[in-house]
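*Asks:* Structure in structure tokens, see below.
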There are 2 protein chains.
Amino acid sequence: MKLTLMASLCALALSARGQTTLPLMPMPSSVQMGAGQLIIDSSFSVAITGARDAILQRAAERFIGHLRQQTGMSLLSLKVIEGPNAALVIHVERESKGVQELGEDESYALQVTASAATLNAPTLFGALHGLQTLLQLVQTTSDGFAVPALTIKDAPRFRWRGLMIDVGRHFMPIDVIKRNLDGMEAVKLNVFHWHLSDDQGFRVESKKFPKLQEMGSDGLYYTQAEVRDVIAYARDRGIRVVPEFDMPGHATSWFVGYPELASGPGPYQIERKWGVFDPAMNPTDENTYKFLDKFIGEMAELFPDQFFHIGGDEVNGKEWDANPKIQAFMRAHNLKTNADLQAYFNSRVEPIVAKHGKTMEGWDEILRPDLPKSIVIQSWRGQESLAGAAKQGYRGLLSSGYYLDLMYPSSQHYAVDPMSGAATALSSEEKQRILGGEACEWSEYASPENIDSRIWPRTAAIAERLWSAQDVTDVNAMYARMNVVSHQLEGVGPTHNSYYEPMLRRIAGSDDIESLRNLADVVEPVKEYAREEQALTPATSMDPLNRLVDAARPESEKAREFASMVDVYLAGKADAATKTTMREWLTVWRDNDAELQPQIASSFLLKEDVKHSHNLSEAGVAGLQAMGYIDSGKQGPNDWVAQCNTTLNDAAKPNAQMLLMVIPSVEKLVNMAAGISASKQ
Amino acid sequence: MKLTLMASLCALALSARGQTTLPLMPMPSSVQMGAGQLIIDSSFSVAITGARDAILQRAAERFIGHLRQQTGMSLLSLKVIEGPNAALVIHVERESKGVQELGEDESYALQVTASAATLNAPTLFGALHGLQTLLQLVQTTSDGFAVPALTIKDAPRFRWRGLMIDVGRHFMPIDVIKRNLDGMEAVKLNVFHWHLSDDQGFRVESKKFPKLQEMGSDGLYYTQAEVRDVIAYARDRGIRVVPEFDMPGHATSWFVGYPELASGPGPYQIERKWGVFDPAMNPTDENTYKFLDKFIGEMAELFPDQFFHIGGDEVNGKEWDANPKIQAFMRAHNLKTNADLQAYFNSRVEPIVAKHGKTMEGWDEILRPDLPKSIVIQSWRGQESLAGAAKQGYRGLLSSGYYLDLMYPSSQHYAVDPMSGAATALSSEEKQRILGGEACEWSEYASPENIDSRIWPRTAAIAERLWSAQDVTDVNAMYARMNVVSHQLEGVGPTHNSYYEPMLRRIAGSDDIESLRNLADVVEPVKEYAREEQALTPATSMDPLNRLVDAARPESEKAREFASMVDVYLAGKADAATKTTMREWLTVWRDNDAELQPQIASSFLLKEDVKHSHNLSEAGVAGLQAMGYIDSGKQGPNDWVAQCNTTLNDAAKPNAQMLLMVIPSVEKLVNMAAGISASKQ
């Protein structure tokens with residue numbers, strides 16, 4: 001407990017480097033502390049001066065709502081008022097345009113004194129961001145709720161800061177989308193990339209081609225009214241909505257209702273498994289383009305954003321290889337490879353997209369020199385690919401390194417910078433073409449119940465990378481702030497904390513989840529694509545996502561804290577309290593298996609976790625023994641070391657598609673005990 | 001931890017008395033266990049035969065939704081299908097009427113075998129209740145999700161099983177109402193009594209008298225469209241909606257826009273304080289009845305239910321006393337007292353209500369022999385009052401004993417039976433007039449954030465009292481089942497568990513709430529109307545409800561568990577594990593104050609809790625010392641006993657409008673230690 005307390009106290013001070021460690025995320029460009037603080041009491045009010053904007057008016061009301069929620073104040077207090085005497089005056093210079101554009105000025109200046117606050121911004125968008133900063137600054141102090149006096153000047157580093165959610169593989173109801181838009185607003189992301197179709201489902205109502213949703217969605221799709229509602233909701237939060245309709249591959253769901261679009265003989269069924277599949281649109285049939293012209297026209301009207309994402313990834317070409325007419329076409333048009341054929345397809349689709357007033361966007365694979373420089377490349381392949389595109393004159397954004405479904409820790413995403421790696425060699429003009437990046441949540445193993453936990457809080461780290469200065473890289477400071485912001489995020493919408501206990505209760509088959517939580521808190525889902533590789537039978541979209549691997553958080557905070565303590569301890573710098581906490585945790589782990597066994601016996605969902613439970617117990621034993629040797633300065637005997645290594649090597653292996661995250665730290669303890677020299681004894 | 005585990009295992013067995021202790025609440029009339037269990041896997045399906053009903057169809061879809069939530073199954077699995085081969089077949093005999101009535105047949109029969117389930121009911125309402133029973137039966141077992149094979153025959157004991165929510169004093173947004181309707185459905189309550197106006201607010205849009213909401217609500221009211229939406233939502237869940245418009249007192253908010261209705265000179269402001277106030281309608285002015293005729297006509301159309309609640313409580317008569325015209329009217333009409341004048345008012349309002357097709361309902365005060373026997377009396381005064389009404393030929397329902405805002409434990413509400421006390425002396429015809437009861441949540445100290453915690457899970461105990469047989473009175477069994485049902489309730493809507501941690505984080509001003517929780521878990525708000533009496537300044541509707549007293553649960557589960565352990569221990573029957581747990585808890589309490597002090601120093605919201613925090617520490621010390629004496633068979637020395645008594649007497653007093661609930665148990669320990677005779681030493 002003391003550790004957390006210290007961390008949160010630290011978060012309110014100034015760090016050694018002079019950067020603020022106020023619980024702000026993303027970190028602003030500049031923070032200058034003032035004297036005193038502005039007390040937020042029930043008389044607090046907000047007024048808007050300057051450009052009038054209905055969105056800003058609603059944002060002020062929502063700000064009041066959030067402030068009421070943060071403070072527990074009455075619905076009768078805290079008001080949006082007229083005139084200059086408000087506690088917070090928001091001034092926006094220019095009216096906003098009908099449709100939010102790429103590259104709008106998002107800067108703002110926030111000044112807080114002991115008596116009032118002002119928020120100035122050239123545009124609505126800066127004001128929206130400034131309000132979120134202000135919400136993050138509200139603290140419970142000894143004198144009341146308060147915001148420290150300060151001056152913040154802030155603007156984003158990148159113009160495109162996105163989150164992609166794949167609703168094709170697992171459909172996500174509107175409320176899931178909206179609560180994640182709320183989370184995006186809180187960390188100043190400005191693009192929601194909506195991956196709306198894939199082999200496993202077509203998720204938007206088309207009035208021109210109704211069999212798309214009627215036959216391709218299992219009834220799980222958004223009506224056009226719902227889409228408009230989401231777009232308006234996002235626009236209110238300064239978020240553009242970019243739709244993606246993946247083509248020519250990843251399109252099986254289209255072919256269930258319209259098999260004539262495909263390159264194979266059909267008929268087609270909605271795909272239930274995960275992976276890359278054979279069906280692909282027929283690029284050689286003029287009817288394909290007639291269909292796409294009508295379809296893109298309809299969707300271009302529904303989605304007001306300038307950009308239209310055509311996917312374009314992962315075409316395996318097998319249907320093309322097997323179709324003699326397509327092969328003949330390729331020969332006739334001198335298209336030597338399937339990549340050439342896909343390039344031909346893209347060169348046909350791009351003018352259609354352009355004709356309907358949109359700019360085409362796609363994954364790395366669409367990049368071929370014959371496409372106009374206006375298109376945008378989203379790189380899942382890596383920084384080389386992104387830099388290459390920029391060199392050729394294409395704008396691009398980075399998603400490689402930001403794939404949330406790979407279950408990597410926040411620190412790993414945080415270390416990925418769109419301007420690092422190959423981008424460092426670019427000219428400044430070329431660098432300008434790197435628009436930003438997008439966190440991506442592919443939904444093979446995400447349900448409406450657990451998807452928020454896959455997105456948050458890790459996306460806050462990516463949001464900071466895309467907003468804040470390149471030299472904001474202190475990982476410990478990031479985690480300290482993220483822990484605070486994570487709770488605030490849960491307050492505004494995402495359910496990445498509250499999903500946990502109900503899932504554990506279901507798995508335990510009991511309201512008593514203490515033992516299961518001890519285990520769940522220190523496991524993580526296996527990384528990258530190992531879940532597929534380790535599956536006993538291929539996973540499908542019909543599978544319940546109700547196992548421990550589905551409840552386990554992508555990043556174990558407990559294991560990270562334990563690792564920190566172990567590092568301090570091994571450096572000989574651990575105080576008594578730290579040692580006590582380490583022993584306590586190890587003891588809980590040691591004893592946990594015995595507590596959990598009765599539940600494992602009575603729950604089919606827990607059966608697969610028996611090995612991890614046993615291993616955690618073994619790790620507890622080994623860790624305590626190692627600390628015993630180290631604290632007494634005695635070398636761990638060779639046979640003990642060998643025994644521990646065997647046990648821990650085994651415990652480090654994946655089980656039930658999860659990893660036991662405390663094992664490396666326990667291994668460190670054992671190695672330390674093993675390495676104590678005889679001279680020290 | 002072991003205690004909880006044992007309790008939950010017990011809950012799945014059969015009790016000694018032969019009553020099932022499956023986690024069902026309310027307890028059904030009859031449960032007969034069968035052999036084996038019905039596995040609920042992803043192929044589970046539901047079909048409806050018999051009477052077709054759109055409400056039932058929607059209920060089946062919602063049932064599937066809840067089942068998906070309970071099991072974590074995919075949106076692609078679990079279906080409502082056609083035909084007789086479904087895993088669950090629901091058969092309803094009769095179509096339902098356009099408006100749900102008092103006294104509909106709510107019985108159902110549920111049969112579950114190892115291969116299928118059938119739910120038979122004469123009406124829609126029985127089917128709705130049976131579906132809730134089935135949801136409560138789904139368990140995680142070693143073989144999968146399953147429902148035990150059994151036969152349940154069930155019907156409610158009382159026709160009127162209600163929950164009143166006061167939205168006059170604190171407005172509750174629609175989502176709060178809806179999630180509580182979801183909770184009501186889960187425990188088979190069938191009347192939502194909506195207290196829609198009071199001195200502090202008028203909460204419904206009137207198109208005929210728009211100044212009611214425009215000037216009397218602070219902008220916090222329901223549009224008529226929202227009211228219709230709530231009524232439809234309730235109807236889908238087998239719940240009638242009875243509106244209450246309190247008159248002639250508790251009506252200040254009406255007079256802000258329409259001062260001519262009142263008996264005083266005005267002008268009037270929306271009342272901000274709590275209590276009984278002077279303003280009252282003018283019963284001597286014919287314009288009052290003209291207004292009410294139009295108003296009741298409008299509301300009678302908006303609210304389809306047969307019953308129309310006119311309140312009628314707590315008129316202090318001061319405005320009547322002070323108005324010479326009213327005094328003259330009373331003399332002219334031989335009305336000797338203010339009660340006579342109110343009776344005259346009621347005798348004028350009743351025909352208006354009847355003219356608009358409704359049956360009048362009101363609190364005890366409206367009962368006077370000149371009103372027709374059709375009216376319904378809701379008793380807040382007590383069982384005498386209720387039985388008296390029944391004797392005189394009036395139908396009635398009990399709310400005395402079911403006031404949730406008084407913060408009494410579930411066991412106390414559970415012990416109140418509408419048929420006990422004065423009712424036992426009634427004839428069987430008179431008993432028939434007792435329709436049931438209503439839990440009441442008056443909202444002086446309830447906000448949208450914490451109101452669910454004031455209502456749930458205690459209302460489940462009242463729901464059981466009103467549904468189940470009179471001899472279902474085992475309090476321990478009730479608590480064991482309620483603990484399970486409480487989590488299920490949270491899953492369907494009410495937020496009575498999830499509100500807690502965010503409130504504690506706000507109070508602590510930190511994400512580290514371990515120490516605050518240790519304290520919060522063992523305090524309760526003061527009982528009855530002591531919060532008003534102990535207030536330093538009069539509370540108002542503007543006050544934030546963000547203090548520890550607002551976060552603290554009405555009933556401390558931890559204190560109740562500790563009390564149980566102490567009783568077992570004092571009876572000499574505690575095993576080693578129980579003793580260890582007692583010592584652990586006492587130790588945590590002893591050490592907690594030191595941990596909490598830094599947070600108390602830095603949070604204005606915690607300052608008032610310093611005394612309870614200190615006292616909890618003292619109680620931990622005293623308890624541990626007492627156990628030391630008792631376990632060693634040594635009498636506690638006189639000066640130690642005296643010291644403990646002084647400390648504990650002080651600690652038992654209210655502080656910051658809360659009680660420290662573990663003190664009585666620690667006092668028992670000290671008394672035991674004090675009473676060890678010398679001979680035993």
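Letters A, B, ... mark the chains of the structure tokens in the order given; residue numbers begin at 1 per chain; ligand numbers begin at 1, in order shown.
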Each residue of chain A lying at most 8 Å from chain B should get a row with its shortest atom-to-atom pair and the distance in Å to one decimal, counting only C-alpha atoms; could you produce that, ordered by chain and increasing number, as CSV?

*Replies:*
```
residue,atom,partner,partner_atom,distance
A:Met1,CA,B:Asp512,CA,7.2
A:Thr4,CA,B:Asp512,CA,6.5
A:Leu5,CA,B:Asp512,CA,6.1
A:Ser8,CA,B:Ser510,CA,7.0
A:Ser42,CA,B:Pro544,CA,7.9
A:Gln70,CA,B:Arg506,CA,7.1
A:Thr71,CA,B:Arg506,CA,7.0
A:Gly72,CA,B:Asn546,CA,5.1
A:Met73,CA,B:Pro544,CA,4.2
A:Ser74,CA,B:Pro544,CA,5.1
A:Leu75,CA,B:Met542,CA,7.9
A:Leu76,CA,B:Met542,CA,5.9
A:Ser77,CA,B:Met542,CA,6.5
A:Gln139,CA,B:Gly509,CA,6.5
A:Thr140,CA,B:Gly509,CA,4.6
A:Thr141,CA,B:Ser603,CA,4.8
A:Ser142,CA,B:Ser603,CA,4.3
A:Asp143,CA,B:Phe604,CA,5.5
A:Gly144,CA,B:Phe604,CA,5.5
A:Asp218,CA,B:Leu76,CA,7.3
A:Ser447,CA,B:Ser74,CA,7.8
A:Glu449,CA,B:Gly72,CA,7.9
A:Val484,CA,B:Asp511,CA,6.8
A:His487,CA,B:Asp511,CA,7.7
A:Gly491,CA,B:Pro502,CA,7.9
A:Ser498,CA,B:Ser498,CA,7.5
A:Pro502,CA,B:Gly491,CA,7.9
A:Arg506,CA,B:Thr140,CA,6.8
A:Ile507,CA,B:Thr140,CA,7.2
A:Ala508,CA,B:Thr140,CA,7.5
A:Gly509,CA,B:Thr140,CA,4.6
A:Ser510,CA,B:Ser8,CA,7.0
A:Asp511,CA,B:Val484,CA,6.8
A:Asp512,CA,B:Leu5,CA,6.0
A:Glu514,CA,B:Met1,CA,7.3
A:Ser541,CA,B:Ser74,CA,7.5
A:Met542,CA,B:Ser74,CA,5.8
A:Asp543,CA,B:Ser74,CA,6.3
A:Pro544,CA,B:Met73,CA,4.2
A:Leu545,CA,B:Gly72,CA,6.1
A:Asn546,CA,B:Gly72,CA,5.1
A:Ala601,CA,B:Ser142,CA,6.5
A:Ser602,CA,B:Ser142,CA,4.5
A:Ser603,CA,B:Ser142,CA,4.3
A:Phe604,CA,B:Ser142,CA,4.3
A:Leu605,CA,B:Gly144,CA,7.6
```

*Asks:* Applying 8 Å and only C-alpha atoms, which residues near Asp154 in chain A remain after dropping the ones on its own chain fewer than 5 positions away? List them as a compact mmCIF listing (two decimals) with C-alpha atoms, in the first residue's frame.

*Replies:*
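Output contents, as saved in part.txt:
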```
# COMPACT_ATOMS: atom_id res chain seq x y z
CA PRO A 28 1.23 19.28 -22.24
CA SER A 29 3.88 21.16 -24.20
CA SER A 30 4.49 23.59 -21.38
CA SER A 107 -3.76 24.36 -29.53
CA TYR A 108 -5.00 25.98 -26.35
CA ALA A 109 -3.77 28.05 -23.45
```

*Asks:* For range 328-331 of chain A, list every protein, DNA or RNA residue within 10 Å, evaluated using only C-alpha atoms, and leave out those in the same chain fewer than 4 positions away; present the list as a PyMOL selection string.

*Replies:* chain A and resi 283-285+320+323-324+335-338+340-341+344

*Asks:* Okay, now the selection with N, CA and C atoms, as a PDB file, in the first residue's frame?

*Replies:*
```
ATOM      1  N   PRO A 283     -11.173  -8.334 -59.428  1.00  0.00           N
ATOM      2  CA  PRO A 283     -10.731  -7.025 -59.949  1.00  0.00           C
ATOM      3  C   PRO A 283     -10.862  -6.929 -61.453  1.00  0.00           C
ATOM      4  N   THR A 284     -11.217  -8.064 -62.080  1.00  0.00           N
ATOM      5  CA  THR A 284     -11.223  -8.084 -63.554  1.00  0.00           C
ATOM      6  C   THR A 284     -12.631  -7.911 -64.106  1.00  0.00           C
ATOM      7  N   ASP A 285     -13.596  -7.815 -63.221  1.00  0.00           N
ATOM      8  CA  ASP A 285     -14.992  -7.731 -63.662  1.00  0.00           C
ATOM      9  C   ASP A 285     -15.470  -6.282 -63.505  1.00  0.00           C
ATOM     10  N   TRP A 320      -7.751 -15.824 -56.990  1.00  0.00           N
ATOM     11  CA  TRP A 320      -7.305 -15.282 -58.290  1.00  0.00           C
ATOM     12  C   TRP A 320      -6.532 -16.348 -59.068  1.00  0.00           C
ATOM     13  N   ASN A 323      -8.837 -18.913 -60.773  1.00  0.00           N
ATOM     14  CA  ASN A 323      -9.871 -18.472 -61.709  1.00  0.00           C
ATOM     15  C   ASN A 323      -9.248 -18.223 -63.096  1.00  0.00           C
ATOM     16  N   PRO A 324      -9.572 -19.092 -64.058  1.00  0.00           N
ATOM     17  CA  PRO A 324      -8.940 -18.978 -65.381  1.00  0.00           C
ATOM     18  C   PRO A 324      -9.202 -17.635 -66.053  1.00  0.00           C
ATOM     19  N   LEU A 335      -0.145  -8.112 -66.152  1.00  0.00           N
ATOM     20  CA  LEU A 335      -0.081  -8.058 -64.686  1.00  0.00           C
ATOM     21  C   LEU A 335       0.605  -9.342 -64.238  1.00  0.00           C
ATOM     22  N   LYS A 336       1.834  -9.206 -63.770  1.00  0.00           N
ATOM     23  CA  LYS A 336       2.640 -10.405 -63.558  1.00  0.00           C
ATOM     24  C   LYS A 336       2.355 -11.107 -62.243  1.00  0.00           C
ATOM     25  N   THR A 337       2.013 -10.360 -61.242  1.00  0.00           N
ATOM     26  CA  THR A 337       1.823 -10.962 -59.914  1.00  0.00           C
ATOM     27  C   THR A 337       0.451 -10.564 -59.358  1.00  0.00           C
ATOM     28  N   ASN A 338       0.087 -11.260 -58.312  1.00  0.00           N
ATOM     29  CA  ASN A 338      -1.167 -10.889 -57.647  1.00  0.00           C
ATOM     30  C   ASN A 338      -1.071  -9.482 -57.061  1.00  0.00           C
ATOM     31  N   ASP A 340       0.464  -7.101 -58.480  1.00  0.00           N
ATOM     32  CA  ASP A 340       0.166  -6.238 -59.630  1.00  0.00           C
ATOM     33  C   ASP A 340      -1.347  -6.138 -59.839  1.00  0.00           C
ATOM     34  N   LEU A 341      -2.006  -7.277 -59.676  1.00  0.00           N
ATOM     35  CA  LEU A 341      -3.458  -7.270 -59.881  1.00  0.00           C
ATOM     36  C   LEU A 341      -4.144  -6.411 -58.817  1.00  0.00           C
ATOM     37  N   TYR A 344      -3.689  -2.911 -59.687  1.00  0.00           N
ATOM     38  CA  TYR A 344      -4.667  -2.542 -60.712  1.00  0.00           C
ATOM     39  C   TYR A 344      -6.018  -2.231 -60.071  1.00  0.00           C
TER      40      TYR A 344
END
```

*Asks:* Tell me, which residues of range 283-496 of chain B carry DSSP strand (DSSP E or B), written as a ChimeraX atom specification?

*Replies:* /B:307-309,359-363,376-379,395-398,403,434-441

*Asks:* Could the residues in this selection be written to a file with N, CA, C and O atoms, as an mmCIF file, in the first residue's frame?

*Replies:*
```
data_model
loop_
_atom_site.group_PDB
_atom_site.id
_atom_site.type_symbol
_atom_site.label_atom_id
_atom_site.label_comp_id
_atom_site.auth_asym_id
_atom_site.auth_seq_id
_atom_site.Cartn_x
_atom_site.Cartn_y
_atom_site.Cartn_z
ATOM 1 N N PHE B 307 -54.461 3.365 -10.552
ATOM 2 C CA PHE B 307 -54.332 4.080 -9.280
ATOM 3 C C PHE B 307 -53.631 5.416 -9.449
ATOM 4 O O PHE B 307 -52.690 5.540 -10.243
ATOM 5 N N PHE B 308 -54.083 6.390 -8.676
ATOM 6 C CA PHE B 308 -53.546 7.748 -8.748
ATOM 7 C C PHE B 308 -53.338 8.221 -7.323
ATOM 8 O O PHE B 308 -54.280 8.319 -6.538
ATOM 9 N N HIS B 309 -52.073 8.493 -6.994
ATOM 10 C CA HIS B 309 -51.704 8.755 -5.601
ATOM 11 C C HIS B 309 -51.676 10.264 -5.371
ATOM 12 O O HIS B 309 -50.953 10.984 -6.065
ATOM 13 N N THR B 359 -58.604 5.338 -9.476
ATOM 14 C CA THR B 359 -58.872 5.068 -8.066
ATOM 15 C C THR B 359 -57.865 5.859 -7.243
ATOM 16 O O THR B 359 -56.660 5.803 -7.502
ATOM 17 N N MET B 360 -58.378 6.581 -6.255
ATOM 18 C CA MET B 360 -57.497 7.443 -5.470
ATOM 19 C C MET B 360 -56.728 6.638 -4.425
ATOM 20 O O MET B 360 -57.270 5.742 -3.782
ATOM 21 N N GLU B 361 -55.472 7.014 -4.263
ATOM 22 C CA GLU B 361 -54.629 6.417 -3.240
ATOM 23 C C GLU B 361 -53.965 7.558 -2.480
ATOM 24 O O GLU B 361 -53.729 8.632 -3.045
ATOM 25 N N GLY B 362 -53.708 7.338 -1.182
ATOM 26 C CA GLY B 362 -53.026 8.372 -0.412
ATOM 27 C C GLY B 362 -52.442 7.793 0.855
ATOM 28 O O GLY B 362 -52.663 6.622 1.193
ATOM 29 N N TRP B 363 -51.650 8.610 1.527
ATOM 30 C CA TRP B 363 -51.059 8.194 2.792
ATOM 31 C C TRP B 363 -52.123 8.185 3.887
ATOM 32 O O TRP B 363 -53.234 8.716 3.700
ATOM 33 N N VAL B 376 -57.412 3.610 -1.720
ATOM 34 C CA VAL B 376 -56.365 2.763 -1.128
ATOM 35 C C VAL B 376 -55.497 3.614 -0.201
ATOM 36 O O VAL B 376 -55.066 4.711 -0.570
ATOM 37 N N ILE B 377 -55.270 3.088 0.993
ATOM 38 C CA ILE B 377 -54.477 3.772 2.001
ATOM 39 C C ILE B 377 -53.080 3.169 2.039
ATOM 40 O O ILE B 377 -52.916 1.957 2.176
ATOM 41 N N GLN B 378 -52.072 4.025 1.926
ATOM 42 C CA GLN B 378 -50.686 3.565 2.084
ATOM 43 C C GLN B 378 -50.219 4.011 3.455
ATOM 44 O O GLN B 378 -50.186 5.208 3.747
ATOM 45 N N SER B 379 -49.874 3.046 4.287
ATOM 46 C CA SER B 379 -49.581 3.375 5.674
ATOM 47 C C SER B 379 -48.107 3.593 5.941
ATOM 48 O O SER B 379 -47.296 2.677 5.831
ATOM 49 N N ARG B 395 -59.026 -0.717 1.433
ATOM 50 C CA ARG B 395 -57.834 -1.467 1.066
ATOM 51 C C ARG B 395 -56.591 -0.655 1.445
ATOM 52 O O ARG B 395 -56.640 0.579 1.427
ATOM 53 N N GLY B 396 -55.526 -1.373 1.751
ATOM 54 C CA GLY B 396 -54.333 -0.643 2.167
ATOM 55 C C GLY B 396 -53.065 -1.404 1.885
ATOM 56 O O GLY B 396 -53.090 -2.604 1.571
ATOM 57 N N LEU B 397 -51.956 -0.678 1.987
ATOM 58 C CA LEU B 397 -50.664 -1.352 1.884
ATOM 59 C C LEU B 397 -49.709 -0.766 2.897
ATOM 60 O O LEU B 397 -49.847 0.387 3.309
ATOM 61 N N LEU B 398 -48.746 -1.588 3.279
ATOM 62 C CA LEU B 398 -47.845 -1.226 4.361
ATOM 63 C C LEU B 398 -46.540 -0.635 3.831
ATOM 64 O O LEU B 398 -45.889 -1.216 2.968
ATOM 65 N N TYR B 403 -39.176 1.794 5.216
ATOM 66 C CA TYR B 403 -38.556 3.059 4.789
ATOM 67 C C TYR B 403 -37.046 2.872 4.666
ATOM 68 O O TYR B 403 -36.317 2.813 5.664
ATOM 69 N N ILE B 434 -55.763 -6.051 2.750
ATOM 70 C CA ILE B 434 -54.333 -5.678 2.815
ATOM 71 C C ILE B 434 -53.652 -6.183 1.543
ATOM 72 O O ILE B 434 -53.452 -7.384 1.361
ATOM 73 N N LEU B 435 -53.356 -5.264 0.678
ATOM 74 C CA LEU B 435 -52.905 -5.617 -0.673
ATOM 75 C C LEU B 435 -51.433 -5.999 -0.728
ATOM 76 O O LEU B 435 -51.021 -6.716 -1.630
ATOM 77 N N GLY B 436 -50.660 -5.484 0.212
ATOM 78 C CA GLY B 436 -49.231 -5.765 0.194
ATOM 79 C C GLY B 436 -48.442 -4.643 0.825
ATOM 80 O O GLY B 436 -48.837 -4.140 1.885
ATOM 81 N N GLY B 437 -47.381 -4.238 0.180
ATOM 82 C CA GLY B 437 -46.542 -3.204 0.772
ATOM 83 C C GLY B 437 -45.624 -2.571 -0.255
ATOM 84 O O GLY B 437 -45.554 -3.007 -1.406
ATOM 85 N N GLU B 438 -44.951 -1.564 0.222
ATOM 86 C CA GLU B 438 -43.991 -0.852 -0.633
ATOM 87 C C GLU B 438 -42.769 -0.419 0.158
ATOM 88 O O GLU B 438 -42.900 0.207 1.216
ATOM 89 N N ALA B 439 -41.606 -0.738 -0.370
ATOM 90 C CA ALA B 439 -40.373 -0.121 0.131
ATOM 91 C C ALA B 439 -40.358 1.327 -0.344
ATOM 92 O O ALA B 439 -40.779 1.614 -1.460
ATOM 93 N N CYS B 440 -39.892 2.229 0.520
ATOM 94 C CA CYS B 440 -39.889 3.646 0.162
ATOM 95 C C CYS B 440 -38.499 4.247 0.313
ATOM 96 O O CYS B 440 -37.892 4.143 1.374
ATOM 97 N N GLU B 441 -38.045 4.884 -0.741
ATOM 98 C CA GLU B 441 -36.770 5.588 -0.679
ATOM 99 C C GLU B 441 -37.015 7.086 -0.820
ATOM 100 O O GLU B 441 -37.182 7.612 -1.921
#
```

*Asks:* Using only C-alpha atoms, which residues sit within 12 Å of Lys358 in chain A once same-chain residues fewer than 2 positions away are excluded, as a list in words?

*Replies:*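 These residues fall inside the cut-off: Val242, Pro243, Ile296, Gly297, Met299, Ala300, Glu301, Phe303, Pro304, Asp305, Gln306, Phe307, Phe308, His309, Ile310, Val349, Glu350, Pro351, Ile352, Val353, Ala354, Lys355, His356, Met360, Glu361, Ser374, Ile375 and Val376 of chain A.
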
*Asks:* From the DSSP assignment of the backbone, select every residue of range 207-262 of chain A that is helix (DSSP H, G or I), and format the answer as a list in words.

*Replies:*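 Output for range 207-262 of chain A, helix (DSSP H, G or I) only: Lys211, Leu212, Gln213, Glu214, Met215, Gly216, Gln224, Ala225, Glu226, Val227, Arg228, Asp229, Val230, Ile231, Ala232, Tyr233, Ala234, Arg235, Asp236, Thr252, Ser253, Trp254, Phe255, Val256, Gly257, Pro259, Glu260 and Leu261 of chain A.
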
*Asks:* For the selection you just gave me, I'd like the residues written to a file as a tab-separated table (two decimals), in the first residue's frame, keeping C-alpha atoms.

*Replies:*
```tsv
chain	number	residue	atom	x	y	z
A	211	LYS	CA	-28.05	-7.99	-48.62
A	212	LEU	CA	-24.68	-6.78	-47.30
A	213	GLN	CA	-26.09	-6.41	-43.80
A	214	GLU	CA	-29.03	-8.76	-44.15
A	215	MET	CA	-26.92	-11.75	-45.11
A	216	GLY	CA	-23.46	-10.69	-43.99
A	224	GLN	CA	-27.48	4.46	-40.89
A	225	ALA	CA	-29.25	6.46	-38.18
A	226	GLU	CA	-26.98	4.87	-35.59
A	227	VAL	CA	-23.91	5.66	-37.70
A	228	ARG	CA	-24.98	9.30	-37.93
A	229	ASP	CA	-25.54	9.32	-34.18
A	230	VAL	CA	-22.01	8.00	-33.54
A	231	ILE	CA	-20.51	10.54	-35.95
A	232	ALA	CA	-22.31	13.39	-34.20
A	233	TYR	CA	-21.22	12.02	-30.83
A	234	ALA	CA	-17.61	11.90	-32.03
A	235	ARG	CA	-17.79	15.34	-33.61
A	236	ASP	CA	-18.97	16.77	-30.28
A	252	THR	CA	-16.14	-12.77	-47.31
A	253	SER	CA	-19.13	-11.23	-45.54
A	254	TRP	CA	-19.92	-9.12	-48.65
A	255	PHE	CA	-20.04	-12.24	-50.80
A	256	VAL	CA	-22.71	-14.02	-48.77
A	257	GLY	CA	-25.31	-11.68	-50.25
A	259	PRO	CA	-21.33	-13.74	-54.56
A	260	GLU	CA	-20.95	-12.14	-57.99
A	261	LEU	CA	-18.42	-9.73	-56.46
```
